[in-house]
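Next comes my_file_22.pdb, a file with PDB, C-alpha atoms.
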ATOM      1  CA  GLU A  16      94.818  99.138 121.329
ATOM      2  CA  LEU A  17      95.155  98.981 117.569
ATOM      3  CA  ASP A  18      92.073  99.753 115.515
ATOM      4  CA  GLY A  19      91.136  99.107 111.908
ATOM      5  CA  PRO A  20      88.847 101.535 110.066
ATOM      6  CA  LEU A  21      87.450 104.473 112.000
ATOM      7  CA  SER A  22      84.447 103.640 114.127
ATOM      8  CA  ASP A  23      81.342 105.823 114.202
ATOM      9  CA  ASP A  24      82.592 107.440 117.413
ATOM     10  CA  ASP A  25      85.807 108.507 115.705
ATOM     11  CA  GLU A  26      84.162 109.838 112.562
ATOM     12  CA  GLU A  27      83.154 113.247 113.919
ATOM     13  CA  GLU A  28      86.540 113.811 115.593
ATOM     14  CA  GLU A  29      88.414 112.860 112.421
ATOM     15  CA  GLU A  30      86.257 115.161 110.323
ATOM     16  CA  SER A  31      86.999 118.085 112.622
ATOM     17  CA  THR A  32      90.766 117.560 112.493
ATOM     18  CA  TRP A  33      90.986 117.109 108.720
ATOM     19  CA  ARG A  34      92.926 119.950 107.112
ATOM     20  CA  ARG A  35      92.283 120.196 103.411
ATOM     21  CA  ASP A  36      94.585 123.232 103.192
ATOM     22  CA  ILE A  37      97.653 120.998 103.572
ATOM     23  CA  TYR A  38      97.329 120.450  99.824
ATOM     24  CA  ASP A  39      97.796 124.176  99.159
ATOM     25  CA  VAL A  40     101.529 123.713  98.634
ATOM     26  CA  ASP A  41     102.188 127.273  97.507
ATOM     27  CA  LYS A  42     100.619 128.571 100.728
ATOM     28  CA  ILE A  43     102.025 126.107 103.259
ATOM     29  CA  TYR A  44     105.499 126.011 101.720
ATOM     30  CA  ALA A  45     105.697 129.635 100.616
ATOM     31  CA  HIS A  46     109.119 129.935 102.287
ATOM     32  CA  MET A  47     110.548 127.396  99.812
ATOM     33  CA  ASN A  48     111.654 128.091  96.276
ATOM     34  CA  ALA A  49     109.527 127.149  93.266
ATOM     35  CA  ARG A  50     111.578 124.040  92.486
ATOM     36  CA  SER A  51     111.111 122.624  95.997
ATOM     37  CA  ARG A  52     107.376 123.336  95.915
ATOM     38  CA  LEU A  53     107.103 121.579  92.555
ATOM     39  CA  ARG A  54     108.846 118.531  94.029
ATOM     40  CA  ILE A  55     106.306 118.459  96.880
ATOM     41  CA  LYS A  56     103.399 118.799  94.441
ATOM     42  CA  ASN A  57     104.748 115.904  92.401
ATOM     43  CA  GLY A  58     104.998 113.868  95.598
ATOM     44  CA  TYR A  59     101.341 114.528  96.377
ATOM     45  CA  ALA A  60     100.367 113.635  92.805
ATOM     46  CA  ASN A  61     102.373 110.401  92.858
ATOM     47  CA  PHE A  62     100.872 109.396  96.211
ATOM     48  CA  HIS A  63      97.342 110.013  94.936
ATOM     49  CA  ARG A  64      97.955 108.163  91.671
ATOM     50  CA  PHE A  65      99.578 105.177  93.403
ATOM     51  CA  LEU A  66      97.405 104.760  96.497
ATOM     52  CA  CYS A  67      94.163 106.665  95.922
ATOM     53  CA  GLU A  68      93.156 106.269  92.280
ATOM     54  CA  THR A  69      91.291 103.007  91.729
ATOM     55  CA  PRO A  70      89.063 101.422  89.063
ATOM     56  CA  LEU A  71      86.759 100.181  91.825
ATOM     57  CA  PRO A  72      83.638 102.174  92.722
ATOM     58  CA  LEU A  73      83.937 104.687  95.566
ATOM     59  CA  VAL A  74      81.738 103.565  98.443
ATOM     60  CA  GLN A  75      80.642 106.086 101.065
ATOM     61  CA  PRO A  76      78.826 105.220 104.318
ATOM     62  CA  LYS A  77      75.157 106.170 104.345
ATOM     63  CA  GLY A  78      75.102 107.837 107.727
ATOM     64  CA  ARG A  79      76.505 106.729 111.061
ATOM     65  CA  ASN A  80      74.501 103.510 111.280
ATOM     66  CA  ASP A  81      75.274 102.045 107.873
ATOM     67  CA  ALA A  82      75.246  98.307 108.593
ATOM     68  CA  ARG A  83      77.718  97.626 105.786
ATOM     69  CA  PHE A  84      80.487  99.265 107.821
ATOM     70  CA  ARG A  85      79.610  97.958 111.270
ATOM     71  CA  LEU A  86      82.440  96.614 113.404
ATOM     72  CA  ASP A  87      82.432  93.470 115.500
ATOM     73  CA  ASP A  88      83.655  93.430 119.090
ATOM     74  CA  GLU A  89      87.298  93.197 117.958
ATOM     75  CA  GLY A  90      87.183  95.946 115.334
ATOM     76  CA  TYR A  91      86.738  93.890 112.148
ATOM     77  CA  ASP A  92      84.386  95.335 109.515
ATOM     78  CA  THR A  93      83.843  92.150 107.489
ATOM     79  CA  HIS A  94      80.619  93.383 105.836
ATOM     80  CA  THR A  95      82.391  96.238 104.045
ATOM     81  CA  PRO A  96      81.357  96.458 100.344
ATOM     82  CA  LEU A  97      83.737  95.804  97.465
ATOM     83  CA  GLY A  98      86.120  98.683  96.894
ATOM     84  CA  THR A  99      89.441 100.295  97.805
ATOM     85  CA  TYR A 100      90.058 101.312 101.398
ATOM     86  CA  HIS A 101      92.751 102.774 103.644
ATOM     87  CA  GLN A 102      92.778 100.803 106.901
ATOM     88  CA  GLN A 103      93.927 103.026 109.757
ATOM     89  CA  TYR A 104      95.814 101.698 112.756
ATOM     90  CA  ARG A 105      95.989 103.860 115.861
ATOM     91  CA  ILE A 106      97.368 103.773 119.393
ATOM     92  CA  ASN A 107      95.375 106.012 121.722
ATOM     93  CA  GLY A 108      94.091 107.909 118.714
ATOM     94  CA  VAL A 109      97.532 108.483 117.165
ATOM     95  CA  LEU A 110      97.823 107.216 113.581
ATOM     96  CA  ILE A 111     100.753 104.773 113.352
ATOM     97  CA  ALA A 112     100.069 102.779 110.179
ATOM     98  CA  ILE A 113      97.864 102.588 107.096
ATOM     99  CA  GLY A 114      97.116  99.512 105.034
ATOM    100  CA  VAL A 115      95.778 100.122 101.521
ATOM    101  CA  ILE A 116      93.537  97.243 100.440
ATOM    102  CA  ASP A 117      91.146  96.213  97.682
ATOM    103  CA  ILE A 118      88.156  94.139  98.741
ATOM    104  CA  LEU A 119      87.300  91.996  95.719
ATOM    105  CA  PRO A 120      84.724  89.236  95.126
ATOM    106  CA  HIS A 121      87.146  86.400  95.843
ATOM    107  CA  CYS A 122      89.952  87.966  97.871
ATOM    108  CA  LEU A 123      91.330  90.788  99.900
ATOM    109  CA  SER A 124      94.209  92.274  97.933
ATOM    110  CA  SER A 125      96.929  93.919 100.014
ATOM    111  CA  VAL A 126      98.055  96.860  97.888
ATOM    112  CA  TYR A 127     100.474  98.677 100.176
ATOM    113  CA  ALA A 128     101.290  99.455 103.792
ATOM    114  CA  PHE A 129     103.154 102.371 105.299
ATOM    115  CA  TYR A 130     103.786 103.146 108.943
ATOM    116  CA  ASP A 131     105.784 104.961 111.582
ATOM    117  CA  PRO A 132     109.347 103.676 111.008
ATOM    118  CA  ASP A 133     110.472 104.183 114.619
ATOM    119  CA  LEU A 134     107.569 102.236 116.091
ATOM    120  CA  SER A 135     107.918  99.527 113.470
ATOM    121  CA  ARG A 136     111.423  98.706 114.698
ATOM    122  CA  HIS A 137     109.760  97.297 117.810
ATOM    123  CA  LEU A 138     106.251  96.370 116.632
ATOM    124  CA  GLU A 139     106.941  95.184 113.046
ATOM    125  CA  LEU A 140     103.879  97.020 111.814
ATOM    126  CA  GLY A 141     104.162  95.699 108.258
ATOM    127  CA  LYS A 142     103.722  92.142 109.507
ATOM    128  CA  TYR A 143     101.009  93.215 111.907
ATOM    129  CA  THR A 144      98.905  94.811 109.173
ATOM    130  CA  ALA A 145      99.303  91.664 107.038
ATOM    131  CA  LEU A 146      98.201  89.407 109.902
ATOM    132  CA  ARG A 147      95.191  91.608 110.580
ATOM    133  CA  GLU A 148      94.234  91.413 106.910
ATOM    134  CA  ILE A 149      94.579  87.624 106.928
ATOM    135  CA  GLU A 150      92.375  87.471 110.012
ATOM    136  CA  TRP A 151      89.863  89.728 108.233
ATOM    137  CA  VAL A 152      89.595  87.195 105.387
ATOM    138  CA  LYS A 153      89.115  84.306 107.841
ATOM    139  CA  ARG A 154      86.257  86.151 109.498
ATOM    140  CA  ALA A 155      84.708  87.508 106.313
ATOM    141  CA  CYS A 156      84.511  84.127 104.566
ATOM    142  CA  VAL A 157      82.058  82.933 107.236
ATOM    143  CA  HIS A 158      79.309  85.050 105.669
ATOM    144  CA  ARG A 159      80.991  85.718 102.289
ATOM    145  CA  PRO A 160      81.689  82.165 101.040
ATOM    146  CA  SER A 161      83.380  83.253  97.803
ATOM    147  CA  LEU A 162      85.871  85.568  99.523
ATOM    148  CA  VAL A 163      88.455  83.069 100.736
ATOM    149  CA  HIS A 164      91.858  84.307  99.507
ATOM    150  CA  TYR A 165      94.467  86.809 100.643
ATOM    151  CA  TYR A 166      96.473  88.270  97.758
ATOM    152  CA  LEU A 167      99.892  89.812  98.417
ATOM    153  CA  GLY A 168     100.609  90.956  94.865
ATOM    154  CA  TYR A 169     103.717  90.327  92.807
ATOM    155  CA  TYR A 170     106.515  88.152  94.146
ATOM    156  CA  ILE A 171     109.936  89.069  92.770
ATOM    157  CA  ARG A 172     112.516  86.654  94.094
ATOM    158  CA  SER A 173     115.481  88.934  93.439
ATOM    159  CA  CYS A 174     113.853  91.933  95.163
ATOM    160  CA  THR A 175     114.726  91.929  98.860
ATOM    161  CA  LYS A 176     111.692  94.077  99.650
ATOM    162  CA  MET A 177     109.344  91.397  98.315
ATOM    163  CA  VAL A 178     110.778  88.119  99.571
ATOM    164  CA  TYR A 179     108.957  88.575 102.880
ATOM    165  CA  LYS A 180     105.771  87.446 101.120
ATOM    166  CA  ALA A 181     107.046  83.865 101.160
ATOM    167  CA  GLU A 182     106.927  83.922 104.967
ATOM    168  CA  TYR A 183     103.124  83.657 104.974
ATOM    169  CA  ARG A 184     102.257  79.986 104.517
ATOM    170  CA  PRO A 185     100.742  78.028 102.990
ATOM    171  CA  SER A 186     100.896  80.138  99.847
ATOM    172  CA  GLU A 187     100.821  79.797  96.074
ATOM    173  CA  LEU A 188     102.358  81.545  93.054
ATOM    174  CA  LEU A 189     100.521  82.125  89.782
ATOM    175  CA  CYS A 190     102.178  80.398  86.826
ATOM    176  CA  PRO A 191     102.757  83.061  84.123
ATOM    177  CA  SER A 192     102.281  80.616  81.244
ATOM    178  CA  SER A 193      99.373  78.406  82.355
ATOM    179  CA  GLY A 194      97.481  80.794  84.631
ATOM    180  CA  ARG A 195      97.329  78.115  87.345
ATOM    181  CA  TRP A 196      98.207  78.505  90.998
ATOM    182  CA  VAL A 197     101.173  76.429  92.167
ATOM    183  CA  ASP A 198     102.267  75.611  95.713
ATOM    184  CA  PHE A 199     105.063  78.014  96.647
ATOM    185  CA  GLU A 200     107.595  75.339  97.609
ATOM    186  CA  VAL A 201     107.072  73.567  94.277
ATOM    187  CA  ALA A 202     107.314  76.857  92.379
ATOM    188  CA  LYS A 203     110.474  77.829  94.261
ATOM    189  CA  GLN A 204     112.191  74.586  93.233
ATOM    190  CA  ARG A 205     111.369  75.205  89.570
ATOM    191  CA  LEU A 206     112.573  78.801  89.718
ATOM    192  CA  ASP A 207     115.866  77.677  91.225
ATOM    193  CA  ALA A 208     116.289  74.871  88.705
ATOM    194  CA  PHE A 209     115.212  76.504  85.455
ATOM    195  CA  SER A 210     115.523  80.269  85.884
ATOM    196  CA  PRO A 211     118.149  80.964  88.561
ATOM    197  CA  VAL A 212     118.986  84.433  87.215
ATOM    198  CA  ARG A 213     115.726  86.034  86.071
ATOM    199  CA  HIS A 214     113.398  83.941  88.279
ATOM    200  CA  CYS A 215     110.743  83.821  85.587
ATOM    201  CA  CYS A 216     109.583  80.580  84.005
ATOM    202  CA  SER A 217     106.669  78.196  83.708
ATOM    203  CA  LEU A 218     105.769  76.928  87.177
ATOM    204  CA  TYR A 219     103.005  74.464  86.366
ATOM    205  CA  VAL A 220     103.858  71.000  85.066
ATOM    206  CA  GLU A 221     101.208  68.701  83.591
ATOM    207  CA  GLY A 222     102.308  65.400  85.110
ATOM    208  CA  GLU A 223     105.568  64.503  86.777
ATOM    209  CA  GLY A 224     107.200  63.456  83.499
ATOM    210  CA  ALA A 225     107.363  67.066  82.320
ATOM    211  CA  ALA A 226     109.289  68.250  85.357
ATOM    212  CA  SER A 227     112.653  67.810  83.662
ATOM    213  CA  SER A 228     111.770  69.917  80.616
ATOM    214  CA  GLY A 229     113.005  73.478  80.438
ATOM    215  CA  CYS A 230     110.915  76.533  81.253
ATOM    216  CA  ASP A 231     109.934  78.626  78.291
ATOM    217  CA  GLY A 232     107.245  80.783  79.876
ATOM    218  CA  GLY A 233     104.750  79.511  77.289
ATOM    219  CA  ARG A 234     106.252  81.600  74.516
ATOM    220  CA  HIS A 235     107.543  78.861  72.272
ATOM    221  CA  ASP A 236     106.017  75.499  73.108
ATOM    222  CA  ASP A 237     107.558  73.834  70.063
ATOM    223  CA  HIS A 238     110.903  73.274  71.784
ATOM    224  CA  ASP A 239     110.147  69.575  72.078
ATOM    225  CA  ASP A 240     109.515  69.116  68.371
ATOM    226  CA  ASP A 241     111.972  67.076  66.262
ATOM    227  CA  ASP A 242     112.536  69.971  63.869
ATOM    228  CA  ASP A 243     113.622  72.177  66.725
ATOM    229  CA  ASP A 244     116.036  69.540  67.992
ATOM    230  CA  VAL A 245     117.615  69.291  64.569
ATOM    231  CA  SER A 246     117.968  73.052  64.150
ATOM    232  CA  ASN A 247     119.701  73.410  67.506
ATOM    233  CA  ALA A 248     121.840  70.269  67.289
ATOM    234  CA  GLY A 249     124.581  71.985  65.302
ATOM    235  CA  HIS A 250     125.177  74.777  67.842
ATOM    236  CA  THR A 251     128.543  74.227  69.468
ATOM    237  CA  GLU A 252     129.750  75.859  72.657
ATOM    238  CA  SER A 253     131.926  78.289  70.655
ATOM    239  CA  GLN A 254     128.944  79.314  68.510
ATOM    240  CA  GLU A 255     126.851  79.982  71.600
ATOM    241  CA  SER A 256     129.664  82.087  73.073
ATOM    242  CA  SER A 257     129.902  84.043  69.835
ATOM    243  CA  LEU A 258     126.159  84.639  69.867
ATOM    244  CA  VAL A 259     126.258  86.014  73.411
ATOM    245  CA  GLU A 260     129.118  88.349  72.455
ATOM    246  CA  ARG A 261     127.013  89.902  69.666
ATOM    247  CA  ILE A 262     123.993  90.757  71.845
ATOM    248  CA  MET A 263     123.486  94.533  72.082
ATOM    249  CA  LEU A 264     123.300  96.258  75.477
ATOM    250  CA  ASP A 265     122.005  99.656  76.559
ATOM    251  CA  ILE A 266     124.148 100.474  79.570
ATOM    252  CA  GLY A 267     122.984 104.096  79.925
ATOM    253  CA  GLY A 268     125.547 106.425  81.396
ATOM    254  CA  GLY A 269     126.595 109.878  80.359
ATOM    255  CA  GLY A 270     127.903 110.622  76.915
ATOM    256  CA  GLY A 271     129.485 113.913  76.053
ATOM    257  CA  GLY A 272     128.883 116.385  73.314
ATOM    258  CA  GLY A 273     125.874 118.280  74.660
ATOM    259  CA  GLY A 274     122.527 118.502  72.922
ATOM    260  CA  ASP A 275     119.412 116.510  73.677
ATOM    261  CA  ASN A 276     121.278 113.200  73.680
ATOM    262  CA  SER A 277     124.139 114.282  75.932
ATOM    263  CA  ASN A 278     123.070 111.911  78.700
ATOM    264  CA  THR A 279     122.906 108.781  76.567
ATOM    265  CA  SER A 280     125.520 106.388  75.234
ATOM    266  CA  PRO A 281     125.353 104.259  72.092
ATOM    267  CA  PRO A 282     124.621 100.549  72.575
ATOM    268  CA  VAL A 283     127.537  98.195  73.163
ATOM    269  CA  THR A 284     127.887  94.450  72.698
ATOM    270  CA  VAL A 285     128.638  91.912  75.395
ATOM    271  CA  GLY A 286     131.949  91.233  73.679
ATOM    272  CA  MET A 287     133.005  94.848  74.263
ATOM    273  CA  LEU A 288     132.823  94.507  78.054
ATOM    274  CA  ASN A 289     135.834  93.782  80.223
ATOM    275  CA  ARG A 290     136.243  90.426  81.930
ATOM    276  CA  GLN A 291     134.513  91.503  85.130
ATOM    277  CA  GLY A 292     131.570  92.991  83.272
ATOM    278  CA  ARG A 293     131.137  89.899  81.121
ATOM    279  CA  ALA A 294     131.165  87.664  84.181
ATOM    280  CA  ILE A 295     128.169  89.610  85.512
ATOM    281  CA  VAL A 296     126.231  90.073  82.280
ATOM    282  CA  GLU A 297     126.778  86.837  80.336
ATOM    283  CA  PRO A 298     124.595  84.574  82.561
ATOM    284  CA  ILE A 299     121.721  87.032  82.265
ATOM    285  CA  VAL A 300     122.098  87.349  78.492
ATOM    286  CA  GLN A 301     122.375  83.575  78.038
ATOM    287  CA  GLU A 302     119.168  83.010  79.960
ATOM    288  CA  PHE A 303     117.460  85.705  77.905
ATOM    289  CA  ILE A 304     118.499  83.900  74.702
ATOM    290  CA  ASP A 305     117.230  80.586  76.095
ATOM    291  CA  GLU A 306     113.920  82.190  77.041
ATOM    292  CA  VAL A 307     113.069  84.106  73.860
ATOM    293  CA  GLY A 308     115.113  82.308  71.209
ATOM    294  CA  ILE A 309     117.954  83.332  68.905
ATOM    295  CA  GLU A 310     115.918  85.319  66.371
ATOM    296  CA  VAL A 311     114.272  87.584  68.931
ATOM    297  CA  SER A 312     117.340  88.029  71.123
ATOM    298  CA  THR A 313     119.543  89.157  68.238
ATOM    299  CA  ALA A 314     116.943  91.755  67.249
ATOM    300  CA  CYS A 315     116.771  93.258  70.761
ATOM    301  CA  ILE A 316     118.818  95.729  72.751
ATOM    302  CA  ILE A 317     118.883  94.695  76.419
ATOM    303  CA  LYS A 318     118.652  97.644  78.782
ATOM    304  CA  LEU A 319     120.758  97.315  81.927
ATOM    305  CA  SER A 320     119.993  99.456  84.967
TER     306      SER A 320
END
Represent the structure contained in this file as structure tokens.
Amino acid sequence: ELDGPLSDDDEEEEESTWRRDIYDVDKIYAHMNARSRLRIKNGYANFHRFLCETPLPLVQPKGRNDARFRLDDEGYDTHTPLGTYHQQYRINGVLIAIGVIDILPHCLSSVYAFYDPDLSRHLELGKYTALREIEWVKRACVHRPSLVHYYLGYYIRSCTKMVYKAEYRPSELLCPSSGRWVDFEVAKQRLDAFSPVRHCCSLYVEGEGAASSGCDGGRHDDHDDDDDDVSNAGHTESQESSLVERIMLDIGGGGGGGGDNSNTSPPVTVGMLNRQGRAIVEPIVQEFIDEVGIEVSTACIIKLS
């Protein structure tokens, strides 16, 4: 059986098995050198900063019978106060997964999930924790009418680790320029049509007639003005190509010569790249110019990583 948060019966056992000395890195890992111990300490610090620190108030149960943390017959604690929590999933008492969540006034925000990788090959624990969280929202909204949404965080189309979020339907994406929620299928069509490289553009359209206009992310809404049409009318294809060639790039890499800047290289222009490099970079640079405009793009150095 998989459980959510610890029940009252588990609380005493968990308290007795908690080992605070595992954070004494110098003691536990005394057999390692100082550099390895420092790496472990940094790992602990990064974990705490990423998954433990929170702007939300810390809520502690007031004794074993605190009604705010009571569980229903199927292990759902839908009366839990607002805050950040680590949901624990166990099989026969063995911890197999943790879901980090924020319970907010209008939604449950899924922050992160981590789990036993071997078990997850068969149980797909990441999907299981998400489905349990969705079910939690469905149950909680019965007595918490304002808490009706499940928030999966940022969706980055080009990041393979994030595309799974589109599998939970129906769903919506937040338009970065209007602040309105847009049906995912509609948003996906606009991303494909207007920002196929960076996948970042205005998703909300006021009326069907605006669907054919370009996406500017709300940064320069005057693109439809007559003056703007006149200023851009004289740009030929060769001029646009020349503009792209002049854009500065920070490609990183190792320079020689020693000193503090020995690991950096001076910026290069698109025109300095070989044919293969230009084929990769030019579409990205062209979209950047279209998004931010000529004046801003020529004043920037684009960092490639």
Residue neighbourhood His94 in chain A, 12 Å, all atoms listed in the file, exclusion window fewer than 5 positions, as a list in words: Asp81, Ala82, Arg83, Phe84, Arg85, Leu86, Asp87, Ile118, Trp151, Val152, Arg154, Ala155, Cys156, Val157, His158, Arg159 and Leu162 of chain A
CA of Ser257 in chain A to CA of Ala208 in chain A, distance in Å rounded to a single decimal: 25.0 Å
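Neighbourhood of point (107.7, 74.8, 89.6): residues with an atom at most 8 Å away, counting all atoms listed in the file, are A:Val197, A:Val201, A:Ala202, A:Lys203, A:Gln204, A:Arg205, A:Leu206, A:Ser217, A:Leu218, A:Tyr219, A:Val220, A:Ala226.
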Answer key for the PyMOL selection byres ((chain A and resi 141) around 9), residues as a PyMOL selection string: chain A and resi 112+114+128-130+135+138-140+142-146
Nearest residue to Asp305 in chain A from the set A:Glu221, A:Gln291, A:Asp133, A:Phe209 (distances using all atoms listed in the file): A:Phe209
CA of Phe199 in chain A to CA of Tyr179 in chain A, straight-line distance in Å: 12.9 Å
Protein and nucleic acid residues near (101.9, 106.9, 113.8) (cut-off 10 Å, only C-alpha atoms) as number ranges by chain: A: 103-106, 108-113, 129-135
Resolved residues for the PyMOL selection byres ((chain A and resi 99) around 12) as a ChimeraX atom specification: /A:66-75,95-98,100-102,114-119,123-127
Matched chain/residue IDs from the PyMOL selection byres ((chain A and resi 187) around 12), as an MDAnalysis selection string: chainID A and resid 164:170 180:186 188:190 194:203 218:219
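The space between CA of Arg79 in chain A and CA of Asn107 in chain A spans 21.7 Å.
Distances here use all atoms listed in the file; by that measure, the residue among A:Lys77, A:Arg136, A:Val163, A:Ala49 closest to Ile149 in chain A is A:Val163.
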Range 260-266 of chain A surroundings by all atoms listed in the file, 12 Å radius, close-in-sequence under 5 positions cut, as a PyMOL selection string: chain A and resi 253-255+278-289+292-294+296-301+303-304+309-320
Using C-alpha atoms, can you export the residues from the last selection as a PDB file, keeping the file's coordinate frame?
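Final output, saved to again22.pdb:
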ATOM      1  CA  SER A 253     131.926  78.289  70.655  1.00  0.00           C
ATOM      2  CA  GLN A 254     128.944  79.314  68.510  1.00  0.00           C
ATOM      3  CA  GLU A 255     126.851  79.982  71.600  1.00  0.00           C
ATOM      4  CA  ASN A 278     123.070 111.911  78.700  1.00  0.00           C
ATOM      5  CA  THR A 279     122.906 108.781  76.567  1.00  0.00           C
ATOM      6  CA  SER A 280     125.520 106.388  75.234  1.00  0.00           C
ATOM      7  CA  PRO A 281     125.353 104.259  72.092  1.00  0.00           C
ATOM      8  CA  PRO A 282     124.621 100.549  72.575  1.00  0.00           C
ATOM      9  CA  VAL A 283     127.537  98.195  73.163  1.00  0.00           C
ATOM     10  CA  THR A 284     127.887  94.450  72.698  1.00  0.00           C
ATOM     11  CA  VAL A 285     128.638  91.912  75.395  1.00  0.00           C
ATOM     12  CA  GLY A 286     131.949  91.233  73.679  1.00  0.00           C
ATOM     13  CA  MET A 287     133.005  94.848  74.263  1.00  0.00           C
ATOM     14  CA  LEU A 288     132.823  94.507  78.054  1.00  0.00           C
ATOM     15  CA  ASN A 289     135.834  93.782  80.223  1.00  0.00           C
ATOM     16  CA  GLY A 292     131.570  92.991  83.272  1.00  0.00           C
ATOM     17  CA  ARG A 293     131.137  89.899  81.121  1.00  0.00           C
ATOM     18  CA  ALA A 294     131.165  87.664  84.181  1.00  0.00           C
ATOM     19  CA  VAL A 296     126.231  90.073  82.280  1.00  0.00           C
ATOM     20  CA  GLU A 297     126.778  86.837  80.336  1.00  0.00           C
ATOM     21  CA  PRO A 298     124.595  84.574  82.561  1.00  0.00           C
ATOM     22  CA  ILE A 299     121.721  87.032  82.265  1.00  0.00           C
ATOM     23  CA  VAL A 300     122.098  87.349  78.492  1.00  0.00           C
ATOM     24  CA  GLN A 301     122.375  83.575  78.038  1.00  0.00           C
ATOM     25  CA  PHE A 303     117.460  85.705  77.905  1.00  0.00           C
ATOM     26  CA  ILE A 304     118.499  83.900  74.702  1.00  0.00           C
ATOM     27  CA  ILE A 309     117.954  83.332  68.905  1.00  0.00           C
ATOM     28  CA  GLU A 310     115.918  85.319  66.371  1.00  0.00           C
ATOM     29  CA  VAL A 311     114.272  87.584  68.931  1.00  0.00           C
ATOM     30  CA  SER A 312     117.340  88.029  71.123  1.00  0.00           C
ATOM     31  CA  THR A 313     119.543  89.157  68.238  1.00  0.00           C
ATOM     32  CA  ALA A 314     116.943  91.755  67.249  1.00  0.00           C
ATOM     33  CA  CYS A 315     116.771  93.258  70.761  1.00  0.00           C
ATOM     34  CA  ILE A 316     118.818  95.729  72.751  1.00  0.00           C
ATOM     35  CA  ILE A 317     118.883  94.695  76.419  1.00  0.00           C
ATOM     36  CA  LYS A 318     118.652  97.644  78.782  1.00  0.00           C
ATOM     37  CA  LEU A 319     120.758  97.315  81.927  1.00  0.00           C
ATOM     38  CA  SER A 320     119.993  99.456  84.967  1.00  0.00           C
TER      39      SER A 320
END
Which residue of A:Ser193, A:Ser210, A:Asn61, A:Ser256 approaches Arg172 in chain A most closely, using all atoms listed in the file: A:Ser210
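Closest approach to Ile171 in chain A from the set A:Phe62, A:His137, A:Ile295, A:His214 is made by A:His214, with distances taken over only C-alpha atoms.
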Quick one: range 129-143 of chain A with N, CA and C atoms, as a PDB file, in the frame of the given file?
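After the write, result-v8.pdb holds the following:
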ATOM      1  N   PHE A 129     102.110 101.457 104.849  1.00  0.00           N
ATOM      2  CA  PHE A 129     103.154 102.371 105.299  1.00  0.00           C
ATOM      3  C   PHE A 129     102.865 102.743 106.748  1.00  0.00           C
ATOM      4  N   TYR A 130     103.932 103.067 107.492  1.00  0.00           N
ATOM      5  CA  TYR A 130     103.786 103.146 108.943  1.00  0.00           C
ATOM      6  C   TYR A 130     104.923 103.958 109.548  1.00  0.00           C
ATOM      7  N   ASP A 131     104.758 104.244 110.835  1.00  0.00           N
ATOM      8  CA  ASP A 131     105.784 104.961 111.582  1.00  0.00           C
ATOM      9  C   ASP A 131     107.040 104.094 111.653  1.00  0.00           C
ATOM     10  N   PRO A 132     108.158 104.532 111.062  1.00  0.00           N
ATOM     11  CA  PRO A 132     109.347 103.676 111.008  1.00  0.00           C
ATOM     12  C   PRO A 132     109.972 103.411 112.371  1.00  0.00           C
ATOM     13  N   ASP A 133     109.880 104.383 113.300  1.00  0.00           N
ATOM     14  CA  ASP A 133     110.472 104.183 114.619  1.00  0.00           C
ATOM     15  C   ASP A 133     109.702 103.141 115.412  1.00  0.00           C
ATOM     16  N   LEU A 134     108.384 103.234 115.386  1.00  0.00           N
ATOM     17  CA  LEU A 134     107.569 102.236 116.091  1.00  0.00           C
ATOM     18  C   LEU A 134     107.722 100.853 115.474  1.00  0.00           C
ATOM     19  N   SER A 135     107.864 100.823 114.157  1.00  0.00           N
ATOM     20  CA  SER A 135     107.918  99.527 113.470  1.00  0.00           C
ATOM     21  C   SER A 135     109.180  98.749 113.811  1.00  0.00           C
ATOM     22  N   ARG A 136     110.214  99.429 114.286  1.00  0.00           N
ATOM     23  CA  ARG A 136     111.423  98.706 114.698  1.00  0.00           C
ATOM     24  C   ARG A 136     111.128  97.773 115.864  1.00  0.00           C
ATOM     25  N   HIS A 137     110.103  98.113 116.647  1.00  0.00           N
ATOM     26  CA  HIS A 137     109.760  97.297 117.810  1.00  0.00           C
ATOM     27  C   HIS A 137     108.488  96.479 117.587  1.00  0.00           C
ATOM     28  N   LEU A 138     107.559  97.021 116.803  1.00  0.00           N
ATOM     29  CA  LEU A 138     106.251  96.370 116.632  1.00  0.00           C
ATOM     30  C   LEU A 138     106.104  95.622 115.320  1.00  0.00           C
ATOM     31  N   GLU A 139     107.028  95.803 114.366  1.00  0.00           N
ATOM     32  CA  GLU A 139     106.941  95.184 113.046  1.00  0.00           C
ATOM     33  C   GLU A 139     105.552  95.394 112.442  1.00  0.00           C
ATOM     34  N   LEU A 140     105.234  96.644 112.229  1.00  0.00           N
ATOM     35  CA  LEU A 140     103.879  97.020 111.814  1.00  0.00           C
ATOM     36  C   LEU A 140     103.507  96.471 110.445  1.00  0.00           C
ATOM     37  N   GLY A 141     104.487  96.285 109.557  1.00  0.00           N
ATOM     38  CA  GLY A 141     104.162  95.699 108.258  1.00  0.00           C
ATOM     39  C   GLY A 141     103.601  94.298 108.406  1.00  0.00           C
ATOM     40  N   LYS A 142     104.224  93.499 109.265  1.00  0.00           N
ATOM     41  CA  LYS A 142     103.722  92.142 109.507  1.00  0.00           C
ATOM     42  C   LYS A 142     102.392  92.178 110.250  1.00  0.00           C
ATOM     43  N   TYR A 143     102.262  93.131 111.159  1.00  0.00           N
ATOM     44  CA  TYR A 143     101.009  93.215 111.907  1.00  0.00           C
ATOM     45  C   TYR A 143      99.833  93.518 110.985  1.00  0.00           C
TER      46      TYR A 143
END
